[in-house]
Amino acid sequence: MKKISFDETMLSSFCSEKELETMKNDALAAKDTLVNGTGEGNDYIGWVNLPENYDREEFARIKAAAGRIREQSQALVVIGIGGSYLGARAAIEFLKPSFGYENAGGLDIYYAGNQLSTACLRHVIKLIGDRDFSVNVISKSGTTTEPAVAFRVFKELLEKKYGKEGAARRIYATTDKARGALKKLADAEGYETFVVPDDVGGRYSVLTAVGLLPIAAAGCDIDALMAGGQAAREELLSAPFETNMALRYAAYRNYFYRNGKAVEILADYDPSLHYICEWWKQLYGESEGKDGNGLFPASVDLTTDLHSMGQYIQDGPRFLIETVLGLNDDAEPILIKEEPEDLDGLNYLAGKPLSFVNDCAAKGTALAHSQGGVPNSVINIDGRDAFALGELFYFFEFACGVSGYILGVNPFNQPGVESYKKKMFKLLGKPGY
Ligand code: PA5
């Protein structure tokens, strides 16, 4: 990998190379099962070769549509939930960070249909105000309640503002290529449509139109993103266990799970990584948490959460492992100035950049957590750029497929997600429930 690396140095006191060797055969077998398509869920492994064989014609249409959205609108509402939105948000917040303060640079991106809050929907409508806006509604099934409800609201707003035909030119639907309510509606109303491939599930879909259209509309380089995915694919499919970071990460996770660990925390030291952690939680949680199995994927934003969750991580039950997302950022440095009177006691840092303080916090915390009994490793991202992110996305997806097969589950279904829907539909009075 060119821009992503796995620093496992601090794991050695919890799992020696010899102990990891005991996982090697399982990891290699799981990789073969995934790549050869011989495991359960093998009809959902289209993402494995996607960076190589993606639909070039659709890719060009995505770029054209993104350009049109930027020309015709000041705001884009991205409607989707779970795998139909987290990848795009993870990418946009990483590549065009707003840190919750203002916009993504040129085009404001708002997310809707990822919960059912009235106040939140009202807030997004208010933020759009009188400005021109477009909508990208994303739903593979086309029937998920949260995005479907939000889409009704924004469709009506668009039609009021631009008329039916004008609205249709501002609605972009990403859904199944042939089936489902959204596809039917899109065809009837004349929306431009993009495809969620049959063989790619929601949480593995960030490098399809699901992620690519909003990411491109936000002004990010999707060619570089796919190139990163492709570079990761080439390496992870061919590298031997000893140097294959996806196989090793998957092997460690399962080693620790077999040895009593129950929770993996993904920790970041930059708020722009928050949604990458959210995306990762869905990927690993939905892929592995089934049949009574799986590490619980949690995340913390540091150093913020050291002042809330730090105590538990350092001193609570020892069922945790921690994986840190390290970021080598090129933000313009902020230097700490010398004060004539050292009232706050910070003069010992005079002349040092803020990033040095953050790095020391990360290294010190890893040491403390490790000494406190939490196996600690780091996934380093060398630069805030689309290529690095493409590598990271593919790395986590590939490792997840392998890890799920080592665990002995089908990493590509999510039967448990249906349970709440059935109960909710019954309460809502949906026909047939
Ligand atoms: O990963 C998954 O499959 C889910 O998180 C789905 O993406 C999510 O439930 C949304 O489904 P849909 O795209 O059908 O609206």
# chains A, B, ... in the order shown; residues from 1 in each chain; ligands from 1

call {"tool": "residues_near_ligand", "arguments": {"ligand": "ligand 1", "cutoff": "9 Å", "atoms": "only C-alpha atoms and all ligand atoms", "output": "ChimeraX atom specification"}}
result
/A:80-86,114,138-148,174-176,196,200-205,210,282-283,286-287,412-414,417

call {"tool": "closest_atom_pairs", "arguments": {"of": "range 177-292 of chain A", "to": "range 312-329 of chain A", "cutoff": "8 Å", "atoms": "only C-alpha atoms", "output": "CSV"}}
result
residue,atom,partner,partner_atom,distance
A:Phe256,CA,A:Ile321,CA,7.8
A:Gly260,CA,A:Phe319,CA,6.6
A:Lys261,CA,A:Phe319,CA,4.3
A:Ala262,CA,A:Phe319,CA,5.3
A:Val263,CA,A:Leu320,CA,4.9
A:Glu264,CA,A:Ile321,CA,4.9
A:Ile265,CA,A:Glu322,CA,4.7
A:Leu266,CA,A:Thr323,CA,4.9
A:Ala267,CA,A:Val324,CA,4.6
A:Asp268,CA,A:Leu325,CA,5.1
A:Tyr269,CA,A:Gly326,CA,7.1
A:Asp270,CA,A:Leu327,CA,7.8
A:Leu273,CA,A:Leu325,CA,8.0

call {"tool": "write_last_selection", "arguments": {"atoms": "all heavy atoms", "output": "tab-separated table (two decimals), in the first residue's frame"}}
result
chain	number	residue	atom	x	y	z
A	256	PHE	N	-7.68	-12.05	19.17
A	256	PHE	CA	-8.10	-11.43	20.43
A	256	PHE	C	-9.53	-11.85	20.80
A	256	PHE	O	-9.83	-12.07	21.98
A	256	PHE	CB	-7.98	-9.90	20.33
A	256	PHE	CG	-6.54	-9.44	20.33
A	256	PHE	CD1	-6.04	-8.65	19.30
A	256	PHE	CD2	-5.69	-9.80	21.36
A	256	PHE	CE1	-4.72	-8.24	19.30
A	256	PHE	CE2	-4.35	-9.40	21.37
A	256	PHE	CZ	-3.87	-8.62	20.33
A	260	GLY	N	-10.86	-13.85	24.44
A	260	GLY	CA	-11.69	-13.18	25.45
A	260	GLY	C	-12.00	-11.72	25.24
A	260	GLY	O	-12.75	-11.13	26.02
A	261	LYS	N	-11.42	-11.09	24.20
A	261	LYS	CA	-11.77	-9.69	23.98
A	261	LYS	C	-13.15	-9.61	23.32
A	261	LYS	O	-13.53	-10.49	22.54
A	261	LYS	CB	-10.73	-8.99	23.09
A	261	LYS	CG	-9.32	-9.04	23.64
A	261	LYS	CD	-9.19	-8.30	24.97
A	261	LYS	CE	-7.76	-8.31	25.47
A	261	LYS	NZ	-7.63	-7.86	26.87
A	262	ALA	N	-13.88	-8.55	23.66
A	262	ALA	CA	-15.27	-8.47	23.17
A	262	ALA	C	-15.55	-7.20	22.38
A	262	ALA	O	-16.54	-7.12	21.66
A	262	ALA	CB	-16.23	-8.53	24.37
A	263	VAL	N	-14.68	-6.19	22.53
A	263	VAL	CA	-14.96	-4.88	21.91
A	263	VAL	C	-13.71	-4.38	21.19
A	263	VAL	O	-12.61	-4.44	21.75
A	263	VAL	CB	-15.34	-3.83	23.00
A	263	VAL	CG1	-15.54	-2.44	22.39
A	263	VAL	CG2	-16.58	-4.27	23.76
A	264	GLU	N	-13.88	-3.91	19.97
A	264	GLU	CA	-12.79	-3.19	19.30
A	264	GLU	C	-13.17	-1.72	19.21
A	264	GLU	O	-14.24	-1.39	18.68
A	264	GLU	CB	-12.50	-3.74	17.90
A	264	GLU	CG	-11.36	-2.95	17.23
A	264	GLU	CD	-11.02	-3.43	15.82
A	264	GLU	OE1	-11.74	-4.28	15.28
A	264	GLU	OE2	-10.02	-2.93	15.26
A	265	ILE	N	-12.28	-0.89	19.73
A	265	ILE	CA	-12.51	0.56	19.63
A	265	ILE	C	-11.66	1.09	18.48
A	265	ILE	O	-10.46	0.84	18.44
A	265	ILE	CB	-12.06	1.29	20.92
A	265	ILE	CG1	-12.78	0.74	22.14
A	265	ILE	CG2	-12.29	2.78	20.79
A	265	ILE	CD1	-12.21	1.27	23.44
A	266	LEU	N	-12.29	1.82	17.58
A	266	LEU	CA	-11.53	2.55	16.57
A	266	LEU	C	-11.41	3.99	17.07
A	266	LEU	O	-12.44	4.62	17.36
A	266	LEU	CB	-12.23	2.50	15.21
A	266	LEU	CG	-11.40	2.97	14.01
A	266	LEU	CD1	-10.19	2.06	13.76
A	266	LEU	CD2	-12.24	3.05	12.74
A	267	ALA	N	-10.18	4.45	17.22
A	267	ALA	CA	-9.96	5.78	17.80
A	267	ALA	C	-9.36	6.71	16.76
A	267	ALA	O	-8.49	6.31	15.98
A	267	ALA	CB	-9.01	5.66	18.99
A	268	ASP	N	-9.84	7.94	16.73
A	268	ASP	CA	-9.23	8.93	15.84
A	268	ASP	C	-8.75	10.12	16.65
A	268	ASP	O	-9.22	10.35	17.77
A	268	ASP	CB	-10.23	9.38	14.77
A	268	ASP	CG	-11.37	10.18	15.34
A	268	ASP	OD1	-11.15	11.36	15.72
A	268	ASP	OD2	-12.51	9.67	15.45
A	269	TYR	N	-7.80	10.87	16.08
A	269	TYR	CA	-7.29	12.08	16.73
A	269	TYR	C	-7.58	13.31	15.89
A	269	TYR	O	-6.88	14.31	15.99
A	269	TYR	CB	-5.79	11.95	17.01
A	269	TYR	CG	-5.51	11.08	18.22
A	269	TYR	CD1	-5.48	9.69	18.13
A	269	TYR	CD2	-5.33	11.66	19.48
A	269	TYR	CE1	-5.25	8.90	19.24
A	269	TYR	CE2	-5.11	10.87	20.61
A	269	TYR	CZ	-5.08	9.50	20.47
A	269	TYR	OH	-4.86	8.72	21.59
A	270	ASP	N	-8.59	13.22	15.04
A	270	ASP	CA	-8.97	14.36	14.21
A	270	ASP	C	-10.46	14.23	13.91
A	270	ASP	O	-10.89	13.19	13.40
A	270	ASP	CB	-8.18	14.35	12.90
A	270	ASP	CG	-8.34	15.65	12.13
A	270	ASP	OD1	-9.44	15.88	11.59
A	270	ASP	OD2	-7.38	16.44	12.11
A	273	LEU	N	-12.15	12.50	10.95
A	273	LEU	CA	-12.17	11.03	10.80
A	273	LEU	C	-13.40	10.40	11.47
A	273	LEU	O	-13.58	9.19	11.41
A	273	LEU	CB	-10.89	10.43	11.38
A	273	LEU	CG	-9.59	10.82	10.67
A	273	LEU	CD1	-8.38	10.41	11.51
A	273	LEU	CD2	-9.50	10.15	9.31

call {"tool": "closest_atom_pairs", "arguments": {"of": "range 184-244 of chain A", "to": "range 4-19 of chain A", "cutoff": "10 Å", "atoms": "only C-alpha atoms", "output": "JSON lines"}}
result
{"residue": "A:Gly228", "atom": "CA", "partner": "A:Ile4", "partner_atom": "CA", "distance": 9.8}
{"residue": "A:Ala232", "atom": "CA", "partner": "A:Ile4", "partner_atom": "CA", "distance": 8.9}
{"residue": "A:Glu242", "atom": "CA", "partner": "A:Glu17", "partner_atom": "CA", "distance": 9.7}
{"residue": "A:Thr243", "atom": "CA", "partner": "A:Phe6", "partner_atom": "CA", "distance": 9.8}
{"residue": "A:Asn244", "atom": "CA", "partner": "A:Phe6", "partner_atom": "CA", "distance": 9.5}

call {"tool": "residues_around", "arguments": {"residues": "Glu338 in chain A", "least_positions_apart": "2", "cutoff": "12 Å", "atoms": "only C-alpha atoms", "output": "MDAnalysis selection string"}}
result
chainID A and resid 335:336 340:352

call {"tool": "write_last_selection", "arguments": {"atoms": "N, CA, C and O atoms", "output": "CSV table (one decimal), in the first residue's frame"}}
result
chain,number,residue,atom,x,y,z
A,335,LEU,N,1.7,27.4,15.4
A,335,LEU,CA,2.8,27.3,16.4
A,335,LEU,C,2.4,27.9,17.7
A,335,LEU,O,1.7,28.9,17.8
A,336,ILE,N,2.8,27.3,18.8
A,336,ILE,CA,2.5,27.8,20.1
A,336,ILE,C,3.5,28.9,20.4
A,336,ILE,O,4.7,28.7,20.3
A,340,PRO,N,5.4,36.3,27.6
A,340,PRO,CA,6.4,36.9,28.6
A,340,PRO,C,6.2,36.3,30.0
A,340,PRO,O,7.2,36.0,30.7
A,341,GLU,N,5.0,36.2,30.4
A,341,GLU,CA,4.8,35.6,31.7
A,341,GLU,C,4.1,34.2,31.5
A,341,GLU,O,3.1,34.1,30.9
A,342,ASP,N,4.7,33.2,32.0
A,342,ASP,CA,4.3,31.8,31.7
A,342,ASP,C,3.1,31.4,32.7
A,342,ASP,O,3.2,30.4,33.3
A,343,LEU,N,2.0,32.2,32.6
A,343,LEU,CA,1.0,31.9,33.6
A,343,LEU,C,0.3,30.6,33.4
A,343,LEU,O,-0.1,29.9,34.4
A,344,ASP,N,0.1,30.2,32.2
A,344,ASP,CA,-0.6,28.9,31.9
A,344,ASP,C,0.4,27.7,31.9
A,344,ASP,O,0.0,26.6,31.6
A,345,GLY,N,1.7,28.0,32.1
A,345,GLY,CA,2.7,26.9,32.1
A,345,GLY,C,2.9,26.3,30.8
A,345,GLY,O,3.4,25.1,30.8
A,346,LEU,N,2.7,27.0,29.7
A,346,LEU,CA,2.8,26.3,28.4
A,346,LEU,C,4.1,26.7,27.7
A,346,LEU,O,4.3,26.2,26.5
A,347,ASN,N,4.9,27.6,28.3
A,347,ASN,CA,6.1,28.0,27.6
A,347,ASN,C,7.1,26.9,27.2
A,347,ASN,O,7.8,27.0,26.3
A,348,TYR,N,7.0,25.8,27.9
A,348,TYR,CA,7.9,24.7,27.5
A,348,TYR,C,7.5,24.1,26.1
A,348,TYR,O,8.3,23.4,25.5
A,349,LEU,N,6.3,24.5,25.6
A,349,LEU,CA,6.0,24.1,24.2
A,349,LEU,C,6.2,25.2,23.2
A,349,LEU,O,5.9,25.0,22.0
A,350,ALA,N,6.7,26.3,23.6
A,350,ALA,CA,6.9,27.5,22.7
A,350,ALA,C,7.7,27.0,21.4
A,350,ALA,O,8.7,26.4,21.5
A,351,GLY,N,7.1,27.4,20.3
A,351,GLY,CA,7.8,27.1,19.0
A,351,GLY,C,7.4,25.8,18.4
A,351,GLY,O,7.6,25.5,17.3
A,352,LYS,N,6.6,25.0,19.2
A,352,LYS,CA,6.2,23.7,18.7
A,352,LYS,C,4.8,23.8,18.0
A,352,LYS,O,4.0,24.6,18.5

call {"tool": "atom_distance", "arguments": {"atom1": "CA of Ala29 in chain A", "atom2": "CA of Tyr44 in chain A"}}
result
18.4 Å

call {"tool": "atom_distance", "arguments": {"atom1": "CA of Asp132 in chain A", "atom2": "CA of Ala75 in chain A"}}
result
6.6 Å

call {"tool": "residues_around", "arguments": {"residues": "Ala217 in chain A", "least_positions_apart": "5", "cutoff": "9 Å", "atoms": "only C-alpha atoms", "output": "MDAnalysis selection string"}}
result
chainID A and resid 62:63 65:70 76 107 109 212

call {"tool": "residues_around", "arguments": {"residues": "Val135 in chain A", "least_positions_apart": "6", "cutoff": "8 Å", "atoms": "only C-alpha atoms", "output": "VMD selection string"}}
result
chain A and resid 76 to 79 154 170 to 172

call {"tool": "write_last_selection", "arguments": {"atoms": "all heavy atoms", "output": "mmCIF file, in the first residue's frame"}}
result
data_model
loop_
_atom_site.group_PDB
_atom_site.id
_atom_site.type_symbol
_atom_site.label_atom_id
_atom_site.label_comp_id
_atom_site.auth_asym_id
_atom_site.auth_seq_id
_atom_site.Cartn_x
_atom_site.Cartn_y
_atom_site.Cartn_z
ATOM 1 N N LEU A 76 -26.861 20.409 -1.732
ATOM 2 C CA LEU A 76 -27.277 19.059 -2.150
ATOM 3 C C LEU A 76 -27.751 18.312 -0.914
ATOM 4 O O LEU A 76 -27.039 18.265 0.099
ATOM 5 C CB LEU A 76 -26.101 18.306 -2.787
ATOM 6 C CG LEU A 76 -26.350 16.818 -3.081
ATOM 7 C CD1 LEU A 76 -27.381 16.640 -4.199
ATOM 8 C CD2 LEU A 76 -25.044 16.102 -3.463
ATOM 9 N N VAL A 77 -28.956 17.748 -1.006
ATOM 10 C CA VAL A 77 -29.449 16.931 0.102
ATOM 11 C C VAL A 77 -29.207 15.468 -0.270
ATOM 12 O O VAL A 77 -29.713 14.988 -1.285
ATOM 13 C CB VAL A 77 -30.958 17.173 0.361
ATOM 14 C CG1 VAL A 77 -31.414 16.376 1.585
ATOM 15 C CG2 VAL A 77 -31.242 18.660 0.558
ATOM 16 N N VAL A 78 -28.400 14.804 0.548
ATOM 17 C CA VAL A 78 -28.102 13.389 0.315
ATOM 18 C C VAL A 78 -29.013 12.586 1.236
ATOM 19 O O VAL A 78 -28.883 12.633 2.461
ATOM 20 C CB VAL A 78 -26.619 13.083 0.613
ATOM 21 C CG1 VAL A 78 -26.336 11.595 0.446
ATOM 22 C CG2 VAL A 78 -25.717 13.905 -0.306
ATOM 23 N N ILE A 79 -29.940 11.850 0.616
ATOM 24 C CA ILE A 79 -30.933 11.112 1.394
ATOM 25 C C ILE A 79 -30.596 9.625 1.346
ATOM 26 O O ILE A 79 -30.558 9.014 0.273
ATOM 27 C CB ILE A 79 -32.352 11.349 0.824
ATOM 28 C CG1 ILE A 79 -32.700 12.845 0.900
ATOM 29 C CG2 ILE A 79 -33.382 10.509 1.561
ATOM 30 C CD1 ILE A 79 -34.071 13.186 0.304
ATOM 31 N N PHE A 154 -38.731 16.291 0.559
ATOM 32 C CA PHE A 154 -37.903 17.127 -0.321
ATOM 33 C C PHE A 154 -38.418 17.138 -1.756
ATOM 34 O O PHE A 154 -38.265 18.138 -2.466
ATOM 35 C CB PHE A 154 -36.435 16.688 -0.249
ATOM 36 C CG PHE A 154 -35.790 17.136 1.029
ATOM 37 C CD1 PHE A 154 -35.581 16.255 2.072
ATOM 38 C CD2 PHE A 154 -35.451 18.472 1.201
ATOM 39 C CE1 PHE A 154 -35.021 16.689 3.261
ATOM 40 C CE2 PHE A 154 -34.893 18.917 2.392
ATOM 41 C CZ PHE A 154 -34.678 18.022 3.425
ATOM 42 N N ARG A 170 -33.545 17.959 -10.972
ATOM 43 C CA ARG A 170 -32.697 18.158 -9.791
ATOM 44 C C ARG A 170 -32.687 16.944 -8.867
ATOM 45 O O ARG A 170 -32.096 16.970 -7.800
ATOM 46 C CB ARG A 170 -33.219 19.367 -8.991
ATOM 47 C CG ARG A 170 -32.960 20.660 -9.679
ATOM 48 C CD ARG A 170 -33.663 21.803 -9.005
ATOM 49 N NE ARG A 170 -33.300 23.050 -9.659
ATOM 50 C CZ ARG A 170 -32.211 23.753 -9.372
ATOM 51 N NH1 ARG A 170 -31.415 23.372 -8.403
ATOM 52 N NH2 ARG A 170 -31.923 24.840 -10.049
ATOM 53 N N ILE A 171 -33.400 15.903 -9.272
ATOM 54 C CA ILE A 171 -33.436 14.696 -8.436
ATOM 55 C C ILE A 171 -32.608 13.605 -9.101
ATOM 56 O O ILE A 171 -32.827 13.272 -10.276
ATOM 57 C CB ILE A 171 -34.890 14.216 -8.219
ATOM 58 C CG1 ILE A 171 -35.679 15.270 -7.438
ATOM 59 C CG2 ILE A 171 -34.917 12.875 -7.486
ATOM 60 C CD1 ILE A 171 -37.164 14.983 -7.290
ATOM 61 N N TYR A 172 -31.685 13.055 -8.361
ATOM 62 C CA TYR A 172 -30.811 11.986 -8.842
ATOM 63 C C TYR A 172 -31.073 10.784 -7.933
ATOM 64 O O TYR A 172 -30.944 10.892 -6.707
ATOM 65 C CB TYR A 172 -29.346 12.427 -8.769
ATOM 66 C CG TYR A 172 -29.091 13.677 -9.600
ATOM 67 C CD1 TYR A 172 -29.362 14.955 -9.081
ATOM 68 C CD2 TYR A 172 -28.638 13.585 -10.913
ATOM 69 C CE1 TYR A 172 -29.167 16.099 -9.845
ATOM 70 C CE2 TYR A 172 -28.438 14.733 -11.684
ATOM 71 C CZ TYR A 172 -28.697 15.979 -11.140
ATOM 72 O OH TYR A 172 -28.504 17.110 -11.905
#

call {"tool": "select_by_dssp", "arguments": {"residues": "range 10-166 of chain A", "states": "strand (DSSP E or B)", "output": "MDAnalysis selection string"}}
result
chainID A and resid 75:79 108:112 133:138

call {"tool": "residues_around", "arguments": {"residues": "range 382-396 of chain A", "least_positions_apart": "2", "cutoff": "7 Å", "atoms": "only C-alpha atoms", "output": "PyMOL selection string"}}
result
chain A and resi 3-4+95+221+224-229+231-233+246+327-330+380+398-400

call {"tool": "closest_residue", "arguments": {"among": "A:Leu185, A:Ser308, A:Ser117, A:Ile334", "to": "Pro353 in chain A", "atoms": "only C-alpha atoms"}}
result
A:Ile334

call {"tool": "select_by_dssp", "arguments": {"residues": "range 123-364 of chain A", "states": "alpha helix (DSSP H)", "output": "JSON, numbers by chain"}}
result
{"A": [123, 124, 125, 126, 127, 128, 145, 146, 147, 148, 149, 150, 151, 152, 153, 154, 155, 156, 157, 158, 159, 160, 161, 162, 163, 164, 165, 166, 167, 168, 181, 182, 183, 184, 185, 186, 187, 188, 189, 209, 210, 211, 212, 213, 214, 215, 216, 217, 222, 223, 224, 225, 226, 227, 228, 229, 230, 231, 232, 233, 234, 235, 236, 237, 238, 245, 246, 247, 248, 249, 250, 251, 252, 253, 254, 255, 256, 257, 258, 274, 275, 276, 277, 278, 279, 280, 281, 282, 283, 284, 285, 286, 287, 288, 310, 311, 312, 313, 314, 315, 354, 355, 356, 357, 358, 359, 360, 361, 362, 363, 364]}

call {"tool": "atom_distance", "arguments": {"atom1": "CA of Val206 in chain A", "atom2": "CA of Ala173 in chain A"}}
result
15.4 Å

call {"tool": "decode", "arguments": {"residues": "range 316-339 of chain A", "atoms": "N, CA, C and O atoms", "output": "PDB file, in the first residue's frame"}}
result
ATOM      1  N   GLY A 316     -11.336   0.105  32.994  1.00  0.00           N
ATOM      2  CA  GLY A 316     -12.560  -0.706  33.094  1.00  0.00           C
ATOM      3  C   GLY A 316     -12.278  -2.169  32.804  1.00  0.00           C
ATOM      4  O   GLY A 316     -11.108  -2.600  32.798  1.00  0.00           O
ATOM      5  N   PRO A 317     -13.308  -2.983  32.563  1.00  0.00           N
ATOM      6  CA  PRO A 317     -13.084  -4.401  32.255  1.00  0.00           C
ATOM      7  C   PRO A 317     -12.125  -4.555  31.075  1.00  0.00           C
ATOM      8  O   PRO A 317     -12.188  -3.781  30.121  1.00  0.00           O
ATOM      9  N   ARG A 318     -11.257  -5.550  31.156  1.00  0.00           N
ATOM     10  CA  ARG A 318     -10.199  -5.696  30.139  1.00  0.00           C
ATOM     11  C   ARG A 318     -10.666  -6.536  28.960  1.00  0.00           C
ATOM     12  O   ARG A 318     -10.071  -7.556  28.629  1.00  0.00           O
ATOM     13  N   PHE A 319     -11.787  -6.134  28.344  1.00  0.00           N
ATOM     14  CA  PHE A 319     -12.247  -6.876  27.161  1.00  0.00           C
ATOM     15  C   PHE A 319     -12.107  -6.055  25.886  1.00  0.00           C
ATOM     16  O   PHE A 319     -12.758  -6.300  24.889  1.00  0.00           O
ATOM     17  N   LEU A 320     -11.219  -5.045  25.942  1.00  0.00           N
ATOM     18  CA  LEU A 320     -11.087  -4.115  24.819  1.00  0.00           C
ATOM     19  C   LEU A 320      -9.821  -4.353  23.999  1.00  0.00           C
ATOM     20  O   LEU A 320      -8.793  -4.736  24.547  1.00  0.00           O
ATOM     21  N   ILE A 321      -9.927  -4.085  22.701  1.00  0.00           N
ATOM     22  CA  ILE A 321      -8.722  -3.825  21.903  1.00  0.00           C
ATOM     23  C   ILE A 321      -8.945  -2.449  21.261  1.00  0.00           C
ATOM     24  O   ILE A 321     -10.090  -2.016  21.097  1.00  0.00           O
ATOM     25  N   GLU A 322      -7.850  -1.791  20.923  1.00  0.00           N
ATOM     26  CA  GLU A 322      -7.971  -0.434  20.369  1.00  0.00           C
ATOM     27  C   GLU A 322      -7.153  -0.326  19.094  1.00  0.00           C
ATOM     28  O   GLU A 322      -5.973  -0.672  19.081  1.00  0.00           O
ATOM     29  N   THR A 323      -7.795   0.155  18.046  1.00  0.00           N
ATOM     30  CA  THR A 323      -7.099   0.415  16.785  1.00  0.00           C
ATOM     31  C   THR A 323      -7.194   1.918  16.531  1.00  0.00           C
ATOM     32  O   THR A 323      -8.286   2.478  16.556  1.00  0.00           O
ATOM     33  N   VAL A 324      -6.043   2.529  16.326  1.00  0.00           N
ATOM     34  CA  VAL A 324      -6.011   3.991  16.173  1.00  0.00           C
ATOM     35  C   VAL A 324      -5.876   4.340  14.698  1.00  0.00           C
ATOM     36  O   VAL A 324      -5.105   3.719  13.972  1.00  0.00           O
ATOM     37  N   LEU A 325      -6.664   5.329  14.254  1.00  0.00           N
ATOM     38  CA  LEU A 325      -6.474   5.871  12.906  1.00  0.00           C
ATOM     39  C   LEU A 325      -5.513   7.042  13.028  1.00  0.00           C
ATOM     40  O   LEU A 325      -5.863   8.073  13.614  1.00  0.00           O
ATOM     41  N   GLY A 326      -4.306   6.871  12.510  1.00  0.00           N
ATOM     42  CA  GLY A 326      -3.335   7.970  12.550  1.00  0.00           C
ATOM     43  C   GLY A 326      -3.410   8.737  11.242  1.00  0.00           C
ATOM     44  O   GLY A 326      -3.601   8.147  10.179  1.00  0.00           O
ATOM     45  N   LEU A 327      -3.279  10.051  11.310  1.00  0.00           N
ATOM     46  CA  LEU A 327      -3.370  10.866  10.090  1.00  0.00           C
ATOM     47  C   LEU A 327      -2.173  11.791   9.989  1.00  0.00           C
ATOM     48  O   LEU A 327      -1.925  12.594  10.891  1.00  0.00           O
ATOM     49  N   ASN A 328      -1.442  11.653   8.887  1.00  0.00           N
ATOM     50  CA  ASN A 328      -0.354  12.581   8.604  1.00  0.00           C
ATOM     51  C   ASN A 328      -0.942  13.697   7.745  1.00  0.00           C
ATOM     52  O   ASN A 328      -1.051  13.579   6.538  1.00  0.00           O
ATOM     53  N   ASP A 329      -1.350  14.771   8.406  1.00  0.00           N
ATOM     54  CA  ASP A 329      -2.079  15.840   7.735  1.00  0.00           C
ATOM     55  C   ASP A 329      -1.096  16.918   7.286  1.00  0.00           C
ATOM     56  O   ASP A 329      -0.038  17.076   7.870  1.00  0.00           O
ATOM     57  N   ASP A 330      -1.476  17.669   6.238  1.00  0.00           N
ATOM     58  CA  ASP A 330      -0.577  18.754   5.825  1.00  0.00           C
ATOM     59  C   ASP A 330      -1.217  20.122   6.070  1.00  0.00           C
ATOM     60  O   ASP A 330      -0.930  21.093   5.382  1.00  0.00           O
ATOM     61  N   ALA A 331      -2.100  20.178   7.098  1.00  0.00           N
ATOM     62  CA  ALA A 331      -2.710  21.470   7.427  1.00  0.00           C
ATOM     63  C   ALA A 331      -1.615  22.461   7.820  1.00  0.00           C
ATOM     64  O   ALA A 331      -0.616  22.075   8.436  1.00  0.00           O
ATOM     65  N   GLU A 332      -1.816  23.731   7.455  1.00  0.00           N
ATOM     66  CA  GLU A 332      -0.825  24.760   7.788  1.00  0.00           C
ATOM     67  C   GLU A 332      -0.607  24.762   9.308  1.00  0.00           C
ATOM     68  O   GLU A 332      -1.572  24.863  10.079  1.00  0.00           O
ATOM     69  N   PRO A 333       0.646  24.644   9.741  1.00  0.00           N
ATOM     70  CA  PRO A 333       0.886  24.500  11.194  1.00  0.00           C
ATOM     71  C   PRO A 333       0.431  25.711  12.001  1.00  0.00           C
ATOM     72  O   PRO A 333       0.464  26.836  11.507  1.00  0.00           O
ATOM     73  N   ILE A 334       0.011  25.456  13.223  1.00  0.00           N
ATOM     74  CA  ILE A 334      -0.245  26.523  14.197  1.00  0.00           C
ATOM     75  C   ILE A 334       0.824  26.366  15.269  1.00  0.00           C
ATOM     76  O   ILE A 334       0.893  25.325  15.941  1.00  0.00           O
ATOM     77  N   LEU A 335       1.673  27.378  15.390  1.00  0.00           N
ATOM     78  CA  LEU A 335       2.777  27.288  16.355  1.00  0.00           C
ATOM     79  C   LEU A 335       2.360  27.879  17.696  1.00  0.00           C
ATOM     80  O   LEU A 335       1.658  28.887  17.755  1.00  0.00           O
ATOM     81  N   ILE A 336       2.823  27.254  18.755  1.00  0.00           N
ATOM     82  CA  ILE A 336       2.513  27.758  20.092  1.00  0.00           C
ATOM     83  C   ILE A 336       3.526  28.865  20.437  1.00  0.00           C
ATOM     84  O   ILE A 336       4.734  28.669  20.309  1.00  0.00           O
ATOM     85  N   LYS A 337       2.995  30.016  20.797  1.00  0.00           N
ATOM     86  CA  LYS A 337       3.845  31.196  21.029  1.00  0.00           C
ATOM     87  C   LYS A 337       4.366  31.230  22.467  1.00  0.00           C
ATOM     88  O   LYS A 337       3.731  30.718  23.384  1.00  0.00           O
ATOM     89  N   GLU A 338       5.498  31.889  22.610  1.00  0.00           N
ATOM     90  CA  GLU A 338       6.060  32.117  23.953  1.00  0.00           C
ATOM     91  C   GLU A 338       5.345  33.315  24.578  1.00  0.00           C
ATOM     92  O   GLU A 338       5.105  34.312  23.909  1.00  0.00           O
ATOM     93  N   GLU A 339       4.975  33.221  25.845  1.00  0.00           N
ATOM     94  CA  GLU A 339       4.358  34.353  26.558  1.00  0.00           C
ATOM     95  C   GLU A 339       5.402  34.945  27.500  1.00  0.00           C
ATOM     96  O   GLU A 339       6.166  34.196  28.126  1.00  0.00           O
TER      97      GLU A 339
END
